[in-house]
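Trainee: The structure follows.
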Amino acid sequence: MIEDILKSTGAIKTGHFLLASGLHSENYFQAQSMLQYPEYASQTGKEIAALWKNENIDVVVSLAIGGIIIGQEIAKHLGVRHVFLERKNNIFSLERGFRLAPGEKILLAEDVITTGGSLKEIFPLLKKLETDIIGITSIVLRSNAEFSVPFKFLHKINWPAYNPEECPLCKKGIPLYVPGTKQSKNSSE
């Protein structure tokens, strides 16, 4: 079901992309193409929430900006609060009056995970706040990312990703597109 929605909404793109992980790929998952439709966002959030319904989650935490919509939808279907972290001076932090209390059980939510690098960046902050990370979840997994906590996702995509030095698309001279919020100085966009 989720794969049909991804395709019908144009969430699956082809070209030459710089991923948030720094890797290059011929394919890109643009979650917002799907999440712009409230019925799909709600349905996807409900499916993910069902994976975690027995875990006693207190708060869904997502990363700005890509994880905000799906994080909100998951929280809605779990009947819990949602907060998001955003980068300030290139470091993830709680802003906008959001707070996390010691002992709160956290579910980390993202739209897509390639290496999990951004999520791993926030572990020290959540540990410092003395929260309890119950698990990590996403709509799409596009690699074999591993975490020290349970990880559940709706759809796995096996697309190759390349280090820039080894990228066959770069070697062919195909222009690199930088989607999302991490814009490169070398981007033509």
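Going by the structure tokens order, chains are called A, B, ..., each with residues numbered from 1, while ligands are numbered from 1 in the order shown.
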Give me, as a VMD selection string, all polymer residues having an atom no more than 6 Å from Ala49 in chain A, counting only C-alpha atoms and skipping those fewer than 6 positions away in the same chain.
Mentor: chain A and resid 74 77 to 78
Trainee: Please provide the set of residues having any atom within 8 Å of Gly45 in chain A, restricted to only C-alpha atoms, with same-chain residues fewer than 2 positions apart removed, written as a PyMOL selection string.
Mentor: chain A and resi 41-43+47-49+70-77
Trainee: Restricting the calculation to only C-alpha atoms, which member of A:Ser143, A:Phe17, A:Ile5, A:Ala11 is positioned closest to Pro175 in chain A?
Mentor: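 Ranking A:Ser143, A:Phe17, A:Ile5, A:Ala11 by distance to Pro175 in chain A, first place goes to A:Phe17.
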Trainee: So that each row is one residue of range 7-56 of chain A with an atom at most 10 Å from range 97-108 of chain A, can you give its shortest atom pair and the distance in Å to one decimal, using only C-alpha atoms, rows by chain and rising number, as CSV?
Mentor:
residue,atom,partner,partner_atom,distance
A:Trp52,CA,A:Leu107,CA,8.7
A:Glu55,CA,A:Lys105,CA,8.9
A:Asn56,CA,A:Lys105,CA,7.3
Trainee: Which residues, written as a PyMOL selection string, have at least one atom at most 10 Å from Asn144 in chain A, with only C-alpha atoms counted and residues fewer than 5 positions away on the same chain left out?
Mentor: chain A and resi 113-116+156+158
Trainee: Save out the residues we just selected, N, CA and C atoms, as an mmCIF file, in the first residue's frame.
Mentor:
data_model
loop_
_atom_site.group_PDB
_atom_site.id
_atom_site.type_symbol
_atom_site.label_atom_id
_atom_site.label_comp_id
_atom_site.auth_asym_id
_atom_site.auth_seq_id
_atom_site.Cartn_x
_atom_site.Cartn_y
_atom_site.Cartn_z
ATOM 1 N N ILE A 113 15.438 7.373 6.362
ATOM 2 C CA ILE A 113 16.735 7.177 7.000
ATOM 3 C C ILE A 113 17.659 6.495 6.004
ATOM 4 N N THR A 114 18.831 7.108 5.803
ATOM 5 C CA THR A 114 19.862 6.487 4.967
ATOM 6 C C THR A 114 20.936 5.917 5.887
ATOM 7 N N THR A 115 21.718 6.780 6.513
ATOM 8 C CA THR A 115 22.748 6.297 7.441
ATOM 9 C C THR A 115 22.317 6.442 8.902
ATOM 10 N N GLY A 116 21.335 7.289 9.157
ATOM 11 C CA GLY A 116 20.912 7.556 10.529
ATOM 12 C C GLY A 116 21.789 8.572 11.230
ATOM 13 N N LYS A 156 11.184 -0.473 2.883
ATOM 14 C CA LYS A 156 12.622 -0.454 2.621
ATOM 15 C C LYS A 156 12.849 -0.330 1.126
ATOM 16 N N ASN A 158 15.952 -0.420 -1.631
ATOM 17 C CA ASN A 158 17.350 -0.814 -1.814
ATOM 18 C C ASN A 158 17.967 -0.070 -2.991
#
Trainee: Counting only C-alpha atoms, which of A:Ile12, A:Val59, A:Ile69, A:Ala109 gets nearest to Phe29 in chain A?
Mentor: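 So, comparing all the options, the nearest one is A:Ile12.
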Trainee: For Tyr162 in chain A, which residue among A:Leu6, A:Ile136, A:Val83, A:Leu18 is the nearest when counting only C-alpha atoms?
Mentor: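 Distance minimum relative to Tyr162 in chain A lands on A:Leu18.
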